[in-house]
Every structure is written in C-alpha cells, then in structure tokens.
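To be precise, the following lines are data-v2.tsv, and they hold TSV, C-alpha atoms.
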```
chain	number	residue	atom	x	y	z
A	523	MET	CA	58.84	10.87	48.82
A	524	THR	CA	57.79	7.50	50.22
A	525	VAL	CA	54.21	6.24	50.17
A	526	ILE	CA	53.87	7.23	53.85
A	527	ASP	CA	55.13	10.73	53.04
A	528	HIS	CA	52.60	11.03	50.19
A	529	LEU	CA	49.78	9.93	52.49
A	530	GLY	CA	50.91	12.44	55.11
A	531	GLU	CA	50.93	15.23	52.53
A	532	LEU	CA	47.47	14.20	51.31
A	533	ARG	CA	46.19	14.18	54.88
A	534	LYS	CA	47.53	17.68	55.42
A	535	ARG	CA	45.81	18.98	52.27
A	536	LEU	CA	42.51	17.37	53.29
A	537	ILE	CA	42.74	18.93	56.76
A	538	TYR	CA	43.37	22.38	55.26
A	539	THR	CA	40.35	21.97	52.99
A	540	ALA	CA	38.13	20.80	55.86
A	541	LEU	CA	39.20	23.78	58.00
A	542	ALA	CA	38.42	26.17	55.15
A	543	PHE	CA	34.99	24.60	54.78
A	544	LEU	CA	34.30	25.03	58.51
A	545	VAL	CA	35.30	28.69	58.36
A	546	PHE	CA	33.09	29.32	55.33
A	547	ILE	CA	30.12	27.49	56.86
A	548	ILE	CA	30.33	29.79	59.89
A	549	VAL	CA	30.28	32.78	57.53
A	550	GLY	CA	27.34	31.16	55.75
A	551	PHE	CA	25.36	30.97	58.99
A	552	VAL	CA	25.98	34.69	59.52
A	553	TYR	CA	24.52	35.57	56.09
A	554	THR	CA	21.82	32.89	55.91
A	555	LYS	CA	18.92	35.37	55.95
A	556	GLU	CA	20.36	37.44	53.10
A	557	ILE	CA	20.95	34.33	50.97
A	558	TYR	CA	17.49	33.02	51.82
A	559	HIS	CA	15.73	36.21	50.67
A	560	PHE	CA	17.79	36.26	47.46
A	561	LEU	CA	16.79	32.68	46.60
A	562	ILE	CA	13.06	33.22	47.12
A	563	LYS	CA	12.71	36.76	45.73
A	564	ASP	CA	11.28	35.52	42.40
A	565	LEU	CA	9.08	32.80	43.85
A	566	GLY	CA	6.11	35.06	44.47
A	567	GLN	CA	4.91	33.33	47.62
A	568	PRO	CA	6.25	32.73	51.14
A	569	LEU	CA	7.65	29.37	52.14
A	570	THR	CA	6.19	27.20	54.87
A	571	ALA	CA	8.21	25.49	57.60
A	572	ILE	CA	6.69	22.35	59.11
A	573	GLY	CA	8.23	22.21	62.54
A	574	PRO	CA	11.32	23.72	64.19
A	575	SER	CA	13.66	21.09	62.74
A	576	GLU	CA	12.90	22.28	59.22
A	577	ILE	CA	13.98	25.81	60.15
A	578	LEU	CA	17.30	24.44	61.38
A	579	TRP	CA	17.62	22.27	58.25
A	580	VAL	CA	17.18	25.30	55.97
A	581	HIS	CA	19.79	27.33	57.86
A	582	PHE	CA	22.28	24.47	57.78
A	583	MET	CA	21.68	23.62	54.11
A	584	ILE	CA	22.06	27.22	52.93
A	585	ALA	CA	25.25	27.67	54.98
A	586	ALA	CA	26.65	24.33	53.76
A	587	VAL	CA	26.03	25.12	50.08
A	588	PHE	CA	27.52	28.59	50.55
A	589	ALA	CA	30.61	27.04	52.19
A	590	PHE	CA	30.87	24.39	49.47
A	591	ILE	CA	30.93	27.04	46.75
A	592	LEU	CA	33.61	29.14	48.43
A	593	THR	CA	35.71	26.07	49.24
A	594	ILE	CA	35.98	25.09	45.57
A	595	PRO	CA	38.99	27.32	44.67
A	596	PHE	CA	40.72	26.54	47.97
A	597	ALA	CA	40.28	22.79	47.45
A	598	ALA	CA	41.50	23.15	43.86
A	599	TYR	CA	44.66	24.83	45.09
A	600	GLN	CA	45.26	22.05	47.63
A	601	ILE	CA	44.94	19.45	44.85
A	602	TRP	CA	47.36	21.42	42.68
A	603	ALA	CA	49.80	21.79	45.59
A	604	PHE	CA	49.65	18.03	46.16
A	605	VAL	CA	50.47	17.10	42.54
A	606	SER	CA	52.75	20.06	41.71
A	607	PRO	CA	55.98	18.41	43.00
A	608	ALA	CA	55.59	15.87	40.19
A	609	LEU	CA	55.19	18.58	37.55
A	610	LYS	CA	57.89	20.29	35.55
A	611	PRO	CA	58.36	24.07	36.03
A	612	GLN	CA	56.55	24.91	32.79
A	613	GLU	CA	53.73	22.54	33.71
A	614	LYS	CA	53.36	24.27	37.07
A	615	ARG	CA	53.07	27.65	35.39
A	616	LYS	CA	50.51	26.36	32.92
A	617	THR	CA	48.35	24.49	35.43
A	618	ILE	CA	48.15	27.14	38.18
A	619	TRP	CA	45.58	29.08	36.12
A	620	PHE	CA	43.26	26.06	36.37
A	621	ILE	CA	42.32	27.18	39.89
A	622	PRO	CA	40.52	30.48	39.06
A	623	ALA	CA	39.18	28.96	35.82
A	624	LEU	CA	37.71	26.05	37.78
A	625	PHE	CA	35.90	28.45	40.10
A	626	MET	CA	34.60	30.55	37.21
A	627	LEU	CA	33.21	27.48	35.43
A	628	PHE	CA	31.56	26.39	38.68
A	629	LEU	CA	29.85	29.78	38.97
A	630	LEU	CA	28.86	29.63	35.29
A	631	GLY	CA	27.22	26.24	35.78
A	632	LEU	CA	25.53	27.50	38.93
A	633	ALA	CA	24.15	30.52	37.06
A	634	PHE	CA	23.02	28.33	34.15
A	635	GLY	CA	21.12	26.02	36.46
A	636	TYR	CA	19.59	28.82	38.52
A	637	PHE	CA	18.69	31.37	35.83
A	638	VAL	CA	17.95	29.07	32.86
A	639	ILE	CA	17.00	25.52	33.89
A	640	LEU	CA	15.31	26.22	37.24
A	641	PRO	CA	12.73	28.78	35.95
A	642	ILE	CA	11.80	26.56	32.98
A	643	VAL	CA	11.28	23.43	35.06
A	644	LEU	CA	9.53	25.27	37.90
A	645	LYS	CA	7.15	27.06	35.51
A	646	PHE	CA	6.35	23.80	33.73
A	647	LEU	CA	5.52	22.04	37.00
A	648	MET	CA	3.44	24.95	38.28
A	649	ASN	CA	1.41	25.04	35.07
A	650	LEU	CA	1.00	21.28	35.22
A	651	GLY	CA	-0.79	21.46	38.58
A	652	GLU	CA	-2.44	24.87	38.19
A	653	ASP	CA	-6.02	23.61	37.88
A	654	MET	CA	-5.58	20.61	40.15
A	655	PHE	CA	-3.81	21.65	43.33
A	656	ASN	CA	-3.47	24.46	45.81
A	657	VAL	CA	0.30	24.68	45.55
A	658	MET	CA	2.20	25.44	48.77
A	659	PHE	CA	5.97	25.20	49.06
A	660	THR	CA	7.67	24.03	52.20
A	661	ALA	CA	11.15	25.43	52.79
A	662	GLU	CA	12.80	22.01	52.81
A	663	LYS	CA	11.19	20.84	49.56
A	664	TYR	CA	11.83	24.13	47.76
A	665	PHE	CA	15.50	24.41	48.64
A	666	SER	CA	16.08	20.73	47.90
A	667	PHE	CA	14.56	21.36	44.47
A	668	VAL	CA	16.67	24.50	43.89
A	669	PHE	CA	19.92	22.82	44.89
A	670	ASN	CA	19.13	19.74	42.77
A	671	MET	CA	18.63	22.02	39.78
A	672	THR	CA	21.82	24.05	40.25
A	673	ILE	CA	24.63	22.23	42.06
A	674	PRO	CA	24.92	19.31	39.57
A	675	PHE	CA	25.29	21.80	36.70
A	676	ALA	CA	27.92	23.74	38.64
A	677	VAL	CA	29.94	20.57	39.19
A	678	LEU	CA	29.52	19.16	35.68
A	679	PHE	CA	30.41	22.48	34.02
A	680	GLU	CA	33.90	21.97	35.48
A	681	LEU	CA	34.30	18.74	33.50
A	682	PRO	CA	36.12	20.30	30.48
A	683	LEU	CA	38.71	21.95	32.70
A	684	VAL	CA	39.21	18.86	34.84
A	685	ILE	CA	39.71	16.75	31.72
A	686	MET	CA	42.10	19.36	30.31
A	687	PHE	CA	44.15	19.19	33.51
A	688	LEU	CA	44.19	15.38	33.55
A	689	THR	CA	45.18	15.34	29.89
A	690	ALA	CA	47.94	17.87	30.51
A	691	ILE	CA	49.54	15.68	33.17
A	692	GLY	CA	49.11	12.49	31.12
A	693	ILE	CA	46.33	10.71	33.02
A	694	LEU	CA	43.67	10.98	30.29
A	695	ASN	CA	43.70	11.27	26.51
A	696	PRO	CA	41.02	12.08	23.90
A	697	MET	CA	41.10	8.58	22.42
A	698	TYR	CA	39.99	7.07	25.71
A	699	LEU	CA	37.27	9.70	26.17
A	700	ALA	CA	35.91	8.99	22.70
A	701	LYS	CA	36.05	5.24	23.37
A	702	VAL	CA	33.90	5.52	26.51
A	703	ARG	CA	31.54	8.12	25.01
A	704	ARG	CA	28.49	5.83	25.02
A	705	TYR	CA	29.02	4.95	28.69
A	706	ALA	CA	29.54	8.61	29.58
A	707	TYR	CA	26.33	9.53	27.72
A	708	PHE	CA	24.45	6.86	29.63
A	709	ILE	CA	25.75	8.11	33.00
A	710	LEU	CA	24.99	11.75	32.16
A	711	ILE	CA	21.45	10.89	31.06
A	712	ILE	CA	20.92	8.93	34.28
A	713	ILE	CA	22.13	12.00	36.22
A	714	ALA	CA	19.73	14.23	34.29
A	715	VAL	CA	16.80	11.90	35.01
A	716	CYS	CA	17.68	11.69	38.71
A	717	ILE	CA	17.92	15.45	39.32
A	718	THR	CA	14.81	16.46	37.34
A	719	PRO	CA	11.09	15.91	37.83
A	720	PRO	CA	9.65	12.79	36.14
A	721	ASP	CA	8.76	14.29	32.76
A	722	PHE	CA	10.43	14.07	29.37
A	723	ILE	CA	10.76	17.82	28.77
A	724	SER	CA	12.70	18.45	31.98
A	725	ASP	CA	14.91	15.42	31.36
A	726	PHE	CA	15.62	16.62	27.82
A	727	LEU	CA	16.39	20.21	28.89
A	728	VAL	CA	18.92	18.99	31.43
A	729	ALA	CA	20.46	16.08	29.49
A	730	ILE	CA	21.31	17.99	26.30
A	731	PRO	CA	23.59	20.59	28.00
A	732	LEU	CA	25.36	17.80	29.87
A	733	LEU	CA	26.07	15.91	26.65
A	734	ILE	CA	27.33	19.12	25.03
A	735	VAL	CA	29.66	19.67	27.98
A	736	TYR	CA	31.11	16.18	27.49
A	737	GLU	CA	31.71	16.81	23.77
A	738	ILE	CA	33.42	20.09	24.65
A	739	SER	CA	35.57	18.14	27.09
A	740	ILE	CA	36.70	15.77	24.32
A	741	SER	CA	37.57	18.71	22.05
A	742	VAL	CA	39.52	20.40	24.82
A	743	SER	CA	41.34	17.15	25.55
A	744	LYS	CA	42.34	16.81	21.87
A	745	ILE	CA	43.88	20.28	21.84
A	746	THR	CA	45.71	19.70	25.13
A	747	TYR	CA	46.92	16.27	24.02
A	748	LYS	CA	48.36	17.60	20.76
A	749	ARG	CA	50.20	20.35	22.62
A	750	ARG	CA	51.56	17.86	25.13
A	751	MET	CA	52.77	15.51	22.40
A	752	LYS	CA	54.37	18.38	20.53
A	753	ARG	CA	56.14	19.53	23.69
A	754	MET	CA	57.38	16.02	24.46
A	755	ILE	CA	58.74	15.60	20.92
A	756	GLN	CA	60.49	18.94	21.18
A	757	GLU	CA	62.02	17.99	24.51
A	758	GLN	CA	63.19	14.66	23.07
A	759	GLU	CA	64.79	16.43	20.11
A	760	ASP	CA	66.51	18.91	22.42
A	761	PHE	CA	67.79	16.06	24.57
A	762	THR	CA	69.09	14.18	21.52
A	763	HIS	CA	70.74	17.34	20.21
A	764	ASN	CA	72.46	17.96	23.53
A	765	GLU	CA	73.74	14.38	23.59
```
Show me this structure written as structure tokens.
Amino acid sequence: MTVIDHLGELRKRLIYTALAFLVFIIVGFVYTKEIYHFLIKDLGQPLTAIGPSEILWVHFMIAAVFAFILTIPFAAYQIWAFVSPALKPQEKRKTIWFIPALFMLFLLGLAFGYFVILPIVLKFLMNLGEDMFNVMFTAEKYFSFVFNMTIPFAVLFELPLVIMFLTAIGILNPMYLAKVRRYAYFILIIIAVCITPPDFISDFLVAIPLLIVYEISISVSKITYKRRMKRMIQEQEDFTHNE
C-alpha cells in the first residue's frame, strides 16, 4: 500500500470508531438516570445542581464516559485491523486476543479506582473538613472527582498489555523501558499528583499502584521479547535449513 492508501485506511478506521462512539453515547443518554443512581448510591447525601446547565453537563458527562468505556474494545479492534496486514499469520492469531484482554484490564482499573482508591480519598477528605465545613456536593464537582479517580486508573491499567503488544510487533523492547524508567516514574508521579487532592497520602496511594503497573509492564515486555527473539532465531534456522 502507498502512503495515501495507508492514510485512507486509517481515516476509515477512525470514522468507524467515531460512529461507534456516537451510537454508544446515545445509549448512554437513555440509561443516564440508572448510571447516575448507581454512582451516588454510597454517597449518603443528595447532589446539588447549580443551574440548568449543570444538569445538562451531568447527563452529557455520564453518557460520554459510558460511551468511552464501551468504545474501548471496538477501537482496539480497529487498531488491530489497521496493523494486521503487516503481521504474519501466527502474529495475527496471537495478537487478536489483546482486544478482549485490553477491555478486561480497563474494567479492572476502573473497578480499582472506584472501589479502592475513591472511597479512601473521599473518606479522608470528608474527615479532614468534618469539624470545619458544612459539606455539600454539587453534581458537577462530584462527578468530576469520581471520573478523575477512576478513568486514569482504567487507562493506565492497560499499559502492560499495550507494551506487550508493541514489544510483540517490534516497536518496543524491555531494555528501552528500563532505560527510561526514571522518566516514566516522574511522569506517573506527576499524573498521580494531578488527579488527586493536594495531600501526601492521596498522592502516595495513587502513585504506588501506577509505579507497580509500570514494573509489571517491563516484566511482561521481557517475556514477550524473549519469545519474539526465540521465534525469529527459529525462523532464521528454518530458512537456512531450507536453503
């Protein structure tokens, strides 16, 4: 394929992904109330909306996050379909399972952020202002806080699988990941500080899992790299034998 053909194929995949997102966001609007009640069921107090625009914001944000989650496996398939012509048959068979695995890791990260990190941080902040403030949550502030505590974990929990895929197709290797470890740590810590309230405990609780995920990614890359090198050596030996 020429460069123009590649760009046309990429454009087609992006359009398919955008259409899927639009379909899912419509479904999200249909089930906004059910999702809303699920997200606030453990809060223990009603949310306040300051003005009509905030009501619309909450509906749109819930539907958009819902659509984003469901679009993940579809987008992953489109990426795989775009790169699959460059893969060998055995590589296609081995990489197709990345799609459901990617979605499962996304859900795992989402659950970790929602059921583990969010309650700890929220309880800490509530106790911090218990004797000082009459705490009242607005819908916009609460859902912004919830999504900041969950979506980054969902995305970053996919890092090991993404690195495994990139290692399998020869774009990354464990030596490079180990070489840039200090820079990766710095970026992950910055992410943890940005998505958490300004206190050391919250930063620590979020940063440590992210650093562990990166170390897991390096280990996964090492295993994948060794298998890839072994396969390439075997193919070279088979080729030499056939010659």
Neighbours of Gln600 (chain A) within 9 Å (only C-alpha atoms; same-chain residues fewer than 3 positions away dropped), as a short mmCIF file (atom, residue, chain, number, x, y, z; two decimals) with C-alpha atoms, in the coordinates of the input?
```cif
data_model
loop_
_atom_site.label_atom_id
_atom_site.label_comp_id
_atom_site.auth_asym_id
_atom_site.auth_seq_id
_atom_site.Cartn_x
_atom_site.Cartn_y
_atom_site.Cartn_z
CA LEU A 532 47.47 14.20 51.31
CA ARG A 535 45.81 18.98 52.27
CA LEU A 536 42.51 17.37 53.29
CA TYR A 538 43.37 22.38 55.26
CA THR A 539 40.35 21.97 52.99
CA PRO A 595 38.99 27.32 44.67
CA PHE A 596 40.72 26.54 47.97
CA ALA A 597 40.28 22.79 47.45
CA ALA A 603 49.80 21.79 45.59
CA PHE A 604 49.65 18.03 46.16
CA VAL A 605 50.47 17.10 42.54
#
```
From the set A:Trp602, A:Phe546, A:Phe551, A:Phe590, which residue has the shortest atom-to-atom contact distance to Val684 (chain A), counting all atoms listed in the file?
A:Trp602
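For the pair CA of Val657 (chain A) and CA of Lys555 (chain A), the interatomic distance is 23.9 Å.
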Quick one: distance from CA of Ile537 (chain A) to CA of Phe588 (chain A) in Å, one decimal?
19.1 Å
Please indicate the distance in Å from CA of Arg704 (chain A) to CA of Ser724 (chain A), rounded to one decimal place.
21.4 Å
If the box runs along x, y and z of the file and leaves 6 Å on each side of region 603-616 of chain A, what are its centre and edge lengths in Å, one decimal, as AutoDock Vina command-line options?
```
--center_x 54.0 --center_y 21.8 --center_z 39.5 --size_x 20.7 --size_y 23.8 --size_z 25.4
```
Please determine the residues with any atom at most 10 Å from (29.1, 31.6, 44.8) (coordinates as given in the file, with all atoms listed in the file counting) and report them as a PDB file with C-alpha atoms, in the frame of the given file.
```
ATOM      1  CA  VAL A 587      26.030  25.120  50.080  1.00  0.00           C
ATOM      2  CA  PHE A 588      27.520  28.590  50.550  1.00  0.00           C
ATOM      3  CA  ALA A 589      30.610  27.040  52.190  1.00  0.00           C
ATOM      4  CA  PHE A 590      30.870  24.390  49.470  1.00  0.00           C
ATOM      5  CA  ILE A 591      30.930  27.040  46.750  1.00  0.00           C
ATOM      6  CA  LEU A 592      33.610  29.140  48.430  1.00  0.00           C
ATOM      7  CA  THR A 593      35.710  26.070  49.240  1.00  0.00           C
ATOM      8  CA  ILE A 594      35.980  25.090  45.570  1.00  0.00           C
ATOM      9  CA  PHE A 625      35.900  28.450  40.100  1.00  0.00           C
ATOM     10  CA  MET A 626      34.600  30.550  37.210  1.00  0.00           C
ATOM     11  CA  PHE A 628      31.560  26.390  38.680  1.00  0.00           C
ATOM     12  CA  LEU A 629      29.850  29.780  38.970  1.00  0.00           C
ATOM     13  CA  LEU A 630      28.860  29.630  35.290  1.00  0.00           C
ATOM     14  CA  LEU A 632      25.530  27.500  38.930  1.00  0.00           C
ATOM     15  CA  ALA A 633      24.150  30.520  37.060  1.00  0.00           C
TER      16      ALA A 633
END
```
Of the candidates A:Leu578, A:Ile691, A:Ala706, A:Leu565, which shows the shortest atom-to-atom distance to Lys616 (chain A), using only C-alpha atoms?
A:Ile691
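Candidate residues A:Thr570, A:Ala586, A:Ile734, A:Lys534 were compared for distance to Val549 (chain A), and the nearest is A:Ala586, using only C-alpha atoms.
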For a quick check of understanding, using only C-alpha atoms, which of A:Phe560, A:Tyr599, A:Trp579, A:Phe637 has the smallest distance to Phe620 (chain A)?
A:Tyr599
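If you count all atoms listed in the file and ignore residues fewer than 4 places along the chain from Phe726 (chain A), what sits within 9 Å of it is Ile711, Ala714, Val715, Asp721, Phe722, Ile730 and Pro731 of chain A.
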Would you write out those residues with C-alpha atoms, as a CSV table (one decimal), in the frame of the given file?
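Below is the file again.csv, written as the result:
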```
chain,number,residue,atom,x,y,z
A,711,ILE,CA,21.4,10.9,31.1
A,714,ALA,CA,19.7,14.2,34.3
A,715,VAL,CA,16.8,11.9,35.0
A,721,ASP,CA,8.8,14.3,32.8
A,722,PHE,CA,10.4,14.1,29.4
A,730,ILE,CA,21.3,18.0,26.3
A,731,PRO,CA,23.6,20.6,28.0
```
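Counting all atoms listed in the file, the residue from A:Ala571, A:Val552, A:Ile547, A:Leu609 that sits nearest to Met583 (chain A) is A:Ile547.
Residue nearest Val677 (chain A), chosen from A:Tyr747, A:Tyr664, A:Phe634, A:Phe655 and counting only C-alpha atoms: A:Phe634.
Within 8 Å of Gly635 (chain A), once only C-alpha atoms are used and residues closer than 6 positions along the same chain are dropped, the contacting residues are A:Met671, A:Thr672, A:Ile673, A:Phe675, A:Ala676.
Neighbours of Pro568 (chain A) closer than or equal to 10 Å, with all atoms listed in the file counted and sequence neighbours fewer than 2 positions away skipped, come out as Ile562, Lys563, Leu565, Gly566, Thr570, Ala571, Met658, Phe659, Thr660 and Ala661 of chain A.
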Missing atoms in region 524-557 of chain A need filling: write out N, CA and C atoms for it as a PDB file, keeping the file's coordinate frame.
```
ATOM      1  N   THR A 524      58.301   8.854  50.049  1.00  0.00           N
ATOM      2  CA  THR A 524      57.790   7.500  50.220  1.00  0.00           C
ATOM      3  C   THR A 524      56.264   7.521  50.194  1.00  0.00           C
ATOM      4  N   VAL A 525      55.667   6.338  50.153  1.00  0.00           N
ATOM      5  CA  VAL A 525      54.210   6.240  50.170  1.00  0.00           C
ATOM      6  C   VAL A 525      53.647   6.877  51.449  1.00  0.00           C
ATOM      7  N   ILE A 526      54.315   6.647  52.578  1.00  0.00           N
ATOM      8  CA  ILE A 526      53.870   7.230  53.850  1.00  0.00           C
ATOM      9  C   ILE A 526      53.928   8.751  53.795  1.00  0.00           C
ATOM     10  N   ASP A 527      54.996   9.271  53.167  1.00  0.00           N
ATOM     11  CA  ASP A 527      55.130  10.730  53.040  1.00  0.00           C
ATOM     12  C   ASP A 527      54.013  11.292  52.165  1.00  0.00           C
ATOM     13  N   HIS A 528      53.694  10.593  51.070  1.00  0.00           N
ATOM     14  CA  HIS A 528      52.600  11.030  50.190  1.00  0.00           C
ATOM     15  C   HIS A 528      51.268  11.037  50.950  1.00  0.00           C
ATOM     16  N   LEU A 529      51.023  10.011  51.719  1.00  0.00           N
ATOM     17  CA  LEU A 529      49.780   9.930  52.490  1.00  0.00           C
ATOM     18  C   LEU A 529      49.727  11.040  53.536  1.00  0.00           C
ATOM     19  N   GLY A 530      50.861  11.338  54.144  1.00  0.00           N
ATOM     20  CA  GLY A 530      50.910  12.440  55.110  1.00  0.00           C
ATOM     21  C   GLY A 530      50.627  13.773  54.457  1.00  0.00           C
ATOM     22  N   GLU A 531      51.187  13.976  53.258  1.00  0.00           N
ATOM     23  CA  GLU A 531      50.930  15.230  52.530  1.00  0.00           C
ATOM     24  C   GLU A 531      49.461  15.332  52.129  1.00  0.00           C
ATOM     25  N   LEU A 532      48.889  14.207  51.673  1.00  0.00           N
ATOM     26  CA  LEU A 532      47.470  14.200  51.310  1.00  0.00           C
ATOM     27  C   LEU A 532      46.598  14.503  52.518  1.00  0.00           C
ATOM     28  N   ARG A 533      46.934  13.925  53.643  1.00  0.00           N
ATOM     29  CA  ARG A 533      46.190  14.180  54.880  1.00  0.00           C
ATOM     30  C   ARG A 533      46.238  15.659  55.250  1.00  0.00           C
ATOM     31  N   LYS A 534      47.401  16.261  55.098  1.00  0.00           N
ATOM     32  CA  LYS A 534      47.530  17.680  55.420  1.00  0.00           C
ATOM     33  C   LYS A 534      46.653  18.531  54.507  1.00  0.00           C
ATOM     34  N   ARG A 535      46.628  18.209  53.224  1.00  0.00           N
ATOM     35  CA  ARG A 535      45.810  18.980  52.270  1.00  0.00           C
ATOM     36  C   ARG A 535      44.324  18.816  52.577  1.00  0.00           C
ATOM     37  N   LEU A 536      43.916  17.604  52.951  1.00  0.00           N
ATOM     38  CA  LEU A 536      42.510  17.370  53.290  1.00  0.00           C
ATOM     39  C   LEU A 536      42.113  18.127  54.558  1.00  0.00           C
ATOM     40  N   ILE A 537      43.020  18.188  55.526  1.00  0.00           N
ATOM     41  CA  ILE A 537      42.740  18.930  56.760  1.00  0.00           C
ATOM     42  C   ILE A 537      42.589  20.416  56.463  1.00  0.00           C
ATOM     43  N   TYR A 538      43.477  20.967  55.634  1.00  0.00           N
ATOM     44  CA  TYR A 538      43.370  22.380  55.260  1.00  0.00           C
ATOM     45  C   TYR A 538      42.034  22.672  54.581  1.00  0.00           C
ATOM     46  N   THR A 539      41.621  21.772  53.695  1.00  0.00           N
ATOM     47  CA  THR A 539      40.350  21.970  52.990  1.00  0.00           C
ATOM     48  C   THR A 539      39.170  21.895  53.945  1.00  0.00           C
ATOM     49  N   ALA A 540      39.207  20.941  54.876  1.00  0.00           N
ATOM     50  CA  ALA A 540      38.130  20.800  55.860  1.00  0.00           C
ATOM     51  C   ALA A 540      38.048  22.034  56.763  1.00  0.00           C
ATOM     52  N   LEU A 541      39.193  22.570  57.166  1.00  0.00           N
ATOM     53  CA  LEU A 541      39.200  23.780  58.000  1.00  0.00           C
ATOM     54  C   LEU A 541      38.633  24.972  57.247  1.00  0.00           C
ATOM     55  N   ALA A 542      38.972  25.082  55.969  1.00  0.00           N
ATOM     56  CA  ALA A 542      38.420  26.170  55.150  1.00  0.00           C
ATOM     57  C   ALA A 542      36.910  26.051  55.043  1.00  0.00           C
ATOM     58  N   PHE A 543      36.433  24.818  54.853  1.00  0.00           N
ATOM     59  CA  PHE A 543      34.990  24.600  54.780  1.00  0.00           C
ATOM     60  C   PHE A 543      34.295  25.000  56.076  1.00  0.00           C
ATOM     61  N   LEU A 544      34.883  24.671  57.210  1.00  0.00           N
ATOM     62  CA  LEU A 544      34.300  25.030  58.510  1.00  0.00           C
ATOM     63  C   LEU A 544      34.239  26.544  58.678  1.00  0.00           C
ATOM     64  N   VAL A 545      35.291  27.227  58.263  1.00  0.00           N
ATOM     65  CA  VAL A 545      35.300  28.690  58.360  1.00  0.00           C
ATOM     66  C   VAL A 545      34.198  29.286  57.483  1.00  0.00           C
ATOM     67  N   PHE A 546      34.086  28.793  56.253  1.00  0.00           N
ATOM     68  CA  PHE A 546      33.090  29.320  55.330  1.00  0.00           C
ATOM     69  C   PHE A 546      31.663  28.988  55.773  1.00  0.00           C
ATOM     70  N   ILE A 547      31.470  27.837  56.417  1.00  0.00           N
ATOM     71  CA  ILE A 547      30.120  27.490  56.860  1.00  0.00           C
ATOM     72  C   ILE A 547      29.693  28.395  58.015  1.00  0.00           C
ATOM     73  N   ILE A 548      30.642  28.825  58.834  1.00  0.00           N
ATOM     74  CA  ILE A 548      30.330  29.790  59.890  1.00  0.00           C
ATOM     75  C   ILE A 548      29.911  31.121  59.274  1.00  0.00           C
ATOM     76  N   VAL A 549      30.650  31.547  58.251  1.00  0.00           N
ATOM     77  CA  VAL A 549      30.280  32.780  57.530  1.00  0.00           C
ATOM     78  C   VAL A 549      28.906  32.619  56.896  1.00  0.00           C
ATOM     79  N   GLY A 550      28.639  31.418  56.358  1.00  0.00           N
ATOM     80  CA  GLY A 550      27.340  31.160  55.750  1.00  0.00           C
ATOM     81  C   GLY A 550      26.198  31.290  56.740  1.00  0.00           C
ATOM     82  N   PHE A 551      26.392  30.823  57.965  1.00  0.00           N
ATOM     83  CA  PHE A 551      25.360  30.970  58.990  1.00  0.00           C
ATOM     84  C   PHE A 551      25.096  32.441  59.308  1.00  0.00           C
ATOM     85  N   VAL A 552      26.141  33.256  59.237  1.00  0.00           N
ATOM     86  CA  VAL A 552      25.980  34.690  59.520  1.00  0.00           C
ATOM     87  C   VAL A 552      25.095  35.360  58.470  1.00  0.00           C
ATOM     88  N   TYR A 553      25.248  34.926  57.193  1.00  0.00           N
ATOM     89  CA  TYR A 553      24.520  35.570  56.090  1.00  0.00           C
ATOM     90  C   TYR A 553      23.381  34.696  55.557  1.00  0.00           C
ATOM     91  N   THR A 554      22.885  33.784  56.364  1.00  0.00           N
ATOM     92  CA  THR A 554      21.820  32.890  55.910  1.00  0.00           C
ATOM     93  C   THR A 554      20.565  33.652  55.487  1.00  0.00           C
ATOM     94  N   LYS A 555      20.152  34.636  56.253  1.00  0.00           N
ATOM     95  CA  LYS A 555      18.920  35.370  55.950  1.00  0.00           C
ATOM     96  C   LYS A 555      19.029  36.099  54.614  1.00  0.00           C
ATOM     97  N   GLU A 556      20.172  36.728  54.361  1.00  0.00           N
ATOM     98  CA  GLU A 556      20.360  37.440  53.100  1.00  0.00           C
ATOM     99  C   GLU A 556      20.312  36.479  51.906  1.00  0.00           C
ATOM    100  N   ILE A 557      20.965  35.327  52.057  1.00  0.00           N
ATOM    101  CA  ILE A 557      20.950  34.330  50.970  1.00  0.00           C
ATOM    102  C   ILE A 557      19.544  33.780  50.782  1.00  0.00           C
TER     103      ILE A 557
END
```
